[in-house]
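Trainee: Got a structure for you, written out below as structure tokens; questions coming shortly.
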Amino acid sequence: MGDVKNILLVGVGGQGIILVSKMLMAGLMKAGYDVKMSEVHGMAQRGGSVTTQVRFGEKVYSSIIGKGQADILVSFEKMEAARWIEYLKPEGKVVVNNFEIPSMPIATGKAEYPQNVIAALEKEFATTTLDATQAAIEIGNIRTQNIVLFGALVKALGLNEIDWIEILRENLPAKMVDINIKAFQKGMEL
Amino acid sequence: MKKLMSGNEAIARGAYEAGVTVAAAYPGTPSTEILEHMVEYKDHIYSEWAPNEKVACEVAIGASIAGSRSLSAMKHVGVNVAADPIFTYSYLGVNGGFVLVTADDPSMHSSQNEQDNRYYAKFAKMALIEPSDSQESKDFLLEAYKISEEFDIPVLYRVTTRVCHSKSLVELGERVEVGFKPYVKRLDKFVATPANAKIARGKLENKLKALEAYSNTSPLNKAEYNENTNIGIITASVSYLYAKEVFGDKASYLKLGFTYPLPMDLIRDFASKFETVYVIEELEPFMEEQIKAAGIKCIGKEMIPNMYELNPDILAQALLGTTTESKTVDTNVVPRPPVLCAGCPHRGFFYTMSKKKNTVIAGDIGCYTLGAMEPLGALDSVICMGAGISAAMGMAKSFEVTGRDTKVFGVVGDSTFFHSGITGAIDVVYNKGKMIPVVLDNSITGMTGHQENPGTGKTLMGEDTLALDPVDVLKAVGYKTVAVVDPCDLKAMNEVVDAAMNATESYAIVTKRPCVLIKNLPPFKTKCIVETEKCKTSYIDQSMCVGCDVCMQVCKFDAIVKVGEQ
């Protein structure tokens, strides 16, 4: 698949994954890459598991990837990282938000939230764990957690030549820009 | 100008550029955004949400007869609902060009089956076009209208979830001002009497022959030869992109965009140049069967799966035997099924029903399908749009004639009621059914992401209109009692269900409370919290709580209280 890079974003419906994918695409397009993105919606928005795939390079054909092909997995929720890990290249990177959202079998006591996710990820993959949700709360709005993760993703991919602050300005409502710039910068630092 | 677009957005743009003036649809994943984006062109295109796919299709057909270029869009199972008019419209032929968009859902990301709707083209004798990405989704539509008008035939425009919901760059064009075809009364053409149909039937066969000749020279069908290759790949739709990803320049391609009637001369010529010919297509062997029947040697479903969507990985494994290395991690991943939202009004109804013994509940397609999920588990069947009431009617009749006393409820939502629940409800009163129809009216088409419907008082174009109330409809068709209840008031909900179970005359229930995700509704001023001195085990996530207070009504220990402004 040559020079094409594959990014897999996963999480739970409502965490703002689609917006991050959209801004990521906008930045990559400005930088002159061919880009393709695939998302699955429908039932996924009802608290289900959500994924988007973003591919970029000189020429991209397929919008989707199979197992073992993502260069980076960014997980907005801890257990979701483990759910989708098979899609990562063995030498790929994981960026994971150290945040738990219990699924229904957990909430009803039928199953327990796995305790060892981060350790299990670290054992097999180059893993960056961050408390994006906590950072977002400290910045002043929990809903900016997706932008904290966006910053961490950009840093992990080394996409520094793109003016991401400009992309934030172009894609967010004016009154939300400053707080999201803070969130993005926080993600770059974590 | 280049713009990043989903396939659905590109189809709407294509309709604009092709000079379409009328579009009608019923929402359904993955097709919904086509009409949502069509509204962006409302200065040029009239677009509507019809009550169901059959109506949508007939509206577009009517517009085509009147002289407009028209479009109707729906998900794959929606075409089953709309099948009646299309099988005859292919006999009649068009005036203004007519395109029916079918959005198939391989792998059933959001559907009850994964039927391959390409067979509808062969079955109903329509032309078939399959774009593979957003650019083609726009460009091929312009060609589709030319074909429809030139060959006097409806065009089935088939996309799949990965075409609809993938985004890629699209070079935009200008709108072609085709205006409209004059309307001329033509009894021989547009009146499908047996005598006219018999003549049209013969003409249709000739049209299909002419279309096959066109197919062999169509700009939508292209051979891409790479040097020193002994593998030839015949492919269409997204499978083309997956094949390119896997084989790159190690194979040559016959990329088909016009796939019924198939360009058999072109295929024969292409296939003759290679030792190995693969037919790569998602789902059924639609092309492969026809190619093999024409005596052309090829390999397809012997190696490639005929179910679920494909991807480059599956193709590489099937055809090259190569597997990509991947690793799992050692932890216990718990499933995350979709659930009814926090504060969803449907919860109150399903919670009440989950406590009722000796009842059966037929469900339907929509958010309330999730009433089947644990811990509610309050559904017994889900089949298709509208079956919530009519299948329940059949269950009730079965229990009745075989002497069983099980009570049967049938559940539909407001949009589904208008779609095809109404006819089932009429059957129940007409044929004295002993089932209880329940319309869960949340004032919106929920599961597909909040589209207007005949009950919401707004049109797709944003105009105010009459808001039809399921209560009035049920009364009008003859229900003696139509109980209206707030499903989040559990005591009242329970009383209504008990009254329905004991009723001796026709009884219907309409629950009324808007979807909690509707924007601009007055927000609940209060939230619920668990008093920690009374309960140590439960908690309420304050970011999710909408203050519906159903939990307060359920808690036996009075451990939940309301906080905030009363």
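Residues in the structure tokens are named by chain (A, B, ... in the order shown) and by number from 1 within that chain; ligands are numbered from 1 in the order shown.
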Near stretch 484-498 of chain B, counting only C-alpha atoms, which residues have an atom at most 6 Å away, once you skip same-chain residues fewer than 5 positions from it, shown as a VMD selection string?
Mentor: chain B and resid 345 348 to 349 510 to 512 550
Trainee: Hey, could you make a per-residue contact list for chain A against chain B with 7 Å as the cut-off, showing the nearest pair of atoms and its distance in Å to one decimal, counting only C-alpha atoms, sorted by chain and number, as CSV?
Mentor:
residue,atom,partner,partner_atom,distance
A:Met1,CA,B:Glu245,CA,6.7
A:Val35,CA,B:Ser168,CA,6.2
A:Lys36,CA,B:Ser168,CA,4.9
A:Met37,CA,B:Lys167,CA,5.0
A:Ser38,CA,B:Ser166,CA,4.2
A:Glu39,CA,B:His165,CA,6.1
A:Gly42,CA,B:Ser110,CA,5.7
A:Met43,CA,B:Ser110,CA,6.0
A:Ala44,CA,B:Pro338,CA,6.3
A:Arg46,CA,B:Pro338,CA,5.0
A:Gly47,CA,B:Pro338,CA,5.2
A:Gly48,CA,B:Pro338,CA,4.2
A:Ser49,CA,B:Arg336,CA,6.1
A:Tyr61,CA,B:Leu241,CA,5.0
A:Ser62,CA,B:Leu241,CA,4.9
A:Ser63,CA,B:Ser166,CA,6.4
A:Ile64,CA,B:Asn311,CA,6.7
A:Ile65,CA,B:Asn311,CA,6.5
A:Gly66,CA,B:Asp313,CA,4.9
A:Lys67,CA,B:Ser326,CA,6.3
A:Gly68,CA,B:Ser326,CA,4.3
A:Met79,CA,B:Val333,CA,6.4
A:Ala82,CA,B:Val329,CA,6.6
A:Arg83,CA,B:Val333,CA,6.1
A:Ile85,CA,B:Thr328,CA,6.1
A:Glu86,CA,B:Thr328,CA,5.4
A:Tyr87,CA,B:Ser326,CA,6.9
A:Leu88,CA,B:Ser326,CA,6.8
A:Lys89,CA,B:Ser326,CA,6.1
A:Pro90,CA,B:Ser326,CA,5.8
A:Ser103,CA,B:Arg336,CA,5.1
A:Met104,CA,B:Arg336,CA,6.7
A:Pro114,CA,B:Asn332,CA,5.7
A:Asn116,CA,B:Thr331,CA,6.5
A:Val117,CA,B:Thr331,CA,6.1
A:Ala120,CA,B:Asp330,CA,5.6
A:Leu121,CA,B:Val329,CA,6.1
A:Glu124,CA,B:Val329,CA,6.7
Trainee: Please identify the strand (DSSP E or B) residues within stretch 7-190 of chain A (assignment by DSSP from backbone atoms) and present them as a VMD selection string.
Mentor: chain A and resid 7 to 12 34 to 39 49 to 57 70 to 75 88 to 97 126 to 130
Trainee: Based on DSSP run over this structure's backbone, return all residues of stretch 447-537 of chain B in alpha helix (DSSP H), as a PyMOL selection string.
Mentor: chain B and resi 470-476+490-502
Trainee: Would you mind exporting the chosen residues as an mmCIF file, in the first residue's frame, restricted to C-alpha atoms?
Mentor:
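For reference, again-v1.cif as written:
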data_model
loop_
_atom_site.group_PDB
_atom_site.id
_atom_site.type_symbol
_atom_site.label_atom_id
_atom_site.label_comp_id
_atom_site.auth_asym_id
_atom_site.auth_seq_id
_atom_site.Cartn_x
_atom_site.Cartn_y
_atom_site.Cartn_z
ATOM 1 C CA PRO B 470 -51.751 9.161 14.967
ATOM 2 C CA VAL B 471 -54.511 9.514 17.603
ATOM 3 C CA ASP B 472 -56.849 11.157 15.082
ATOM 4 C CA VAL B 473 -55.974 8.586 12.422
ATOM 5 C CA LEU B 474 -56.642 5.626 14.720
ATOM 6 C CA LYS B 475 -59.957 7.118 15.801
ATOM 7 C CA ALA B 476 -60.862 7.838 12.180
ATOM 8 C CA LEU B 490 -44.878 4.715 34.716
ATOM 9 C CA LYS B 491 -48.052 4.549 36.805
ATOM 10 C CA ALA B 492 -50.182 5.943 33.992
ATOM 11 C CA MET B 493 -48.359 3.773 31.439
ATOM 12 C CA ASN B 494 -49.082 0.668 33.506
ATOM 13 C CA GLU B 495 -52.757 1.569 33.917
ATOM 14 C CA VAL B 496 -53.189 2.049 30.174
ATOM 15 C CA VAL B 497 -51.517 -1.298 29.377
ATOM 16 C CA ASP B 498 -53.747 -3.057 31.925
ATOM 17 C CA ALA B 499 -56.843 -1.371 30.503
ATOM 18 C CA ALA B 500 -55.795 -2.444 26.998
ATOM 19 C CA MET B 501 -55.318 -6.054 28.120
ATOM 20 C CA ASN B 502 -58.797 -6.099 29.641
#
Trainee: Find the residue from A:Ala183, A:Val50, A:Ile165, A:Ile118 that sits nearest to A:Thr144; use only C-alpha atoms when measuring.
Mentor: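 Closest candidate: A:Ala183.
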Trainee: Could you check which of B:Ala121, B:Ala50, B:Val439, B:Ile560 is closest to B:Gly388, using only C-alpha atoms?
Mentor: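 Result for the nearest residue to B:Gly388: B:Val439.
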Trainee: Which residue, B:Lys75, B:Lys273, B:Lys301, B:Arg513, has the smallest gap to B:Glu53 when you use only C-alpha atoms?
Mentor: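 Closest to B:Glu53, using only C-alpha atoms: B:Lys75.
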Trainee: Pick out the closest residue to B:Glu205 from this set: B:Ile299, B:Ile426, B:Ala124, B:Val178. Count only C-alpha atoms.
Mentor: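 Of B:Ile299, B:Ile426, B:Ala124, B:Val178, the one nearest B:Glu205 is B:Ala124, counting only C-alpha atoms.
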Trainee: I'd like the interatomic distance between atom CA of B:Leu379 and atom CA of B:Lys357, to a tenth of an Å.
Mentor: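 Here the two named atoms are 12.9 Å from each other.
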